[in-house]
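All remarks here apply to the structure that follows.
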Amino acid sequence: MKKRTAVYPGSFDPVTFGHLDIIDRAAKIFDHIIVSVFVHSSKKHMFSVEERVAMLKAALKGKKNVTVDCFEGLLVDYVKNKKTDIVIRGLRAISDLEYEFQIAATNRTLYPGIETVFFMPRQRYTYLSSSIVRDIAHFGGDVSKLVPPHVAKVIAARK
Ligand code: ADP
């Protein structure tokens with residue numbers, strides 16, 4: 001049987017329990033998930049690409065069918081390069097829908113064979129985003145309910 005690989009792209013600045021929830025769901029359905037950090041040099045990030053990749057790798061250690069990577073340029077080119085046509089994205093609230101539809105539709109225009117598959121996280125992660133984590137971190141708040149322990153440690157060390 002053909003192995004189904006799917007790419008889960010994002011900024012992951014930093015990885016949260018919401019991202020990990022989506023990865024767990026996707027990993028039950030697809031044979032191999034490539035979680036890939038999008039390298040966007042003009043965007044300001046809290047963590048470098050190397051740090052974001054390292055935090056993801058630590059969070060996903062032991063998950064046999066999940067690998068971590070990074071990419072620059074168009075997602076459609078990256079996906080083709082990985083010999084797949086499946087993209088994973090997460091949908092939190094209705095507010096995500098417009099942005100996600102725009103990206104999915106644009107990717108489909110560029111690469112008609114591409115399929116974007118959306119997963120819904122468990123309710124408690126519906127309002128969780130990396131930017132909320134960054135905001136709490138900025139003011140020295142406790143992020144331990146939102147990110148894995150090693151990420152909370154890296155955040156605490158930044159203060
Ligand atoms: P962006 O690509 O906008 O920088 P992220 O890197 O934070 O966003 O997220 C990548 C993907 O994961 C997006 O599809 C986003 O909607 C989804 N995502 C982020 N946080 C959560 C969450 N708490 N629950 C479900 N999906 C999420």
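How things are named: the first chain in the structure tokens is A, the next is B, and so on; residues count from 1 in each chain; ligands count from 1 in the order shown.
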Exercise for review: For Lys153 of chain A, please output as a list in words all residues within 12 Å (counting only C-alpha atoms; exclusion window: fewer than 4 positions along the same chain).
Suggested key: Pro14, Met55, Ala137, Asp142, Val143, Ser144, Val147, Pro148, Pro149, Ala157, Arg158 and Lys159 of chain A
Practice item. Would you mind listing the residues within 8 Å of ligand 1, counting only C-alpha atoms and all ligand atoms, as a count of residues only? Key: 35
Check your understanding: Do you know which residues are at most 9 Å from Lys3 of chain A counting only C-alpha atoms, after dropping those on the same chain fewer than 2 positions away, and could you put them as a list in words?
Key ->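 Skipping anything fewer than 2 positions along the chain leaves Met1, Thr5, Phe30, Asp31 and His32 of chain A.
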Practice item. Would you please give, as JSON, numbers by chain, all residues of segment 3-159 of chain A that DSSP assigns to alpha helix (DSSP H) based on the backbone? Key: {"A": [17, 18, 19, 20, 21, 22, 23, 24, 25, 26, 27, 28, 29, 49, 50, 51, 52, 53, 54, 55, 56, 57, 58, 59, 75, 76, 77, 78, 79, 80, 81, 94, 95, 96, 97, 98, 99, 100, 101, 102, 103, 104, 105, 106, 107, 108, 109, 110, 130, 131, 132, 133, 134, 135, 136, 137, 138, 149, 150, 151, 152, 153, 154, 155, 156, 157, 158]}
Exercise for review: Looking only at strand (DSSP E or B) from DSSP on the backbone, list the matching residues of chain A as number ranges by chain.
Suggested key: A: 5-10, 32-38, 66-71, 86-90, 115-119
Could you turn the residues from that selection into a file that holds C-alpha atoms, as an mmCIF file, in the first residue's frame?
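Written output follows (out.cif):
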data_model
loop_
_atom_site.group_PDB
_atom_site.id
_atom_site.type_symbol
_atom_site.label_atom_id
_atom_site.label_comp_id
_atom_site.auth_asym_id
_atom_site.auth_seq_id
_atom_site.Cartn_x
_atom_site.Cartn_y
_atom_site.Cartn_z
ATOM 1 C CA THR A 5 3.056 11.463 4.011
ATOM 2 C CA ALA A 6 1.639 14.818 5.111
ATOM 3 C CA VAL A 7 3.387 18.116 5.778
ATOM 4 C CA TYR A 8 2.376 20.270 8.772
ATOM 5 C CA PRO A 9 3.854 23.730 8.150
ATOM 6 C CA GLY A 10 3.865 26.673 10.526
ATOM 7 C CA HIS A 32 4.325 9.955 8.172
ATOM 8 C CA ILE A 33 4.029 13.580 9.306
ATOM 9 C CA ILE A 34 6.719 16.123 8.485
ATOM 10 C CA VAL A 35 6.376 19.062 10.870
ATOM 11 C CA SER A 36 8.168 21.872 9.097
ATOM 12 C CA VAL A 37 9.147 25.300 10.402
ATOM 13 C CA PHE A 38 8.545 27.988 7.839
ATOM 14 C CA VAL A 66 6.797 12.246 12.939
ATOM 15 C CA THR A 67 9.886 14.101 11.728
ATOM 16 C CA VAL A 68 10.869 17.763 12.061
ATOM 17 C CA ASP A 69 12.290 19.909 9.291
ATOM 18 C CA CYS A 70 12.334 23.530 8.091
ATOM 19 C CA PHE A 71 11.801 25.163 4.719
ATOM 20 C CA ILE A 86 -1.129 16.661 1.642
ATOM 21 C CA VAL A 87 -0.901 19.660 3.972
ATOM 22 C CA ILE A 88 -2.116 19.595 7.584
ATOM 23 C CA ARG A 89 -3.447 22.715 9.270
ATOM 24 C CA GLY A 90 -5.257 23.304 12.511
ATOM 25 C CA GLU A 115 -5.103 18.773 -0.465
ATOM 26 C CA THR A 116 -5.256 20.707 2.793
ATOM 27 C CA VAL A 117 -6.631 18.669 5.679
ATOM 28 C CA PHE A 118 -7.867 20.521 8.760
ATOM 29 C CA PHE A 119 -7.897 19.160 12.283
#
Review point. By how many Å are atom CA of Leu97 of chain A and atom CA of Ile23 of chain A apart?
Key: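 Separation between atom CA of Leu97 of chain A and atom CA of Ile23 of chain A: 18.9 Å.
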Practice item. Could you check how far atom CA of Asp85 of chain A sits from atom CA of Ile29 of chain A, in Å to one decimal? Key: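 Pair atom CA of Asp85 of chain A / atom CA of Ile29 of chain A returns 14.9 Å.
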Exercise for review: Kindly give the distance, in Å, that separates atom CA of Gly140 of chain A and atom CA of Ile155 of chain A, rounded to a single decimal.
Suggested key: 9.1 Å
Exercise for review: Could you tell me which of A:Tyr111, A:Arg134, A:Lys2, A:Ser42 comes closest to Lys80 of chain A if we count only C-alpha atoms?
Suggested key: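 Going through A:Tyr111, A:Arg134, A:Lys2, A:Ser42 one by one, the smallest distance to Lys80 of chain A is for A:Tyr111.
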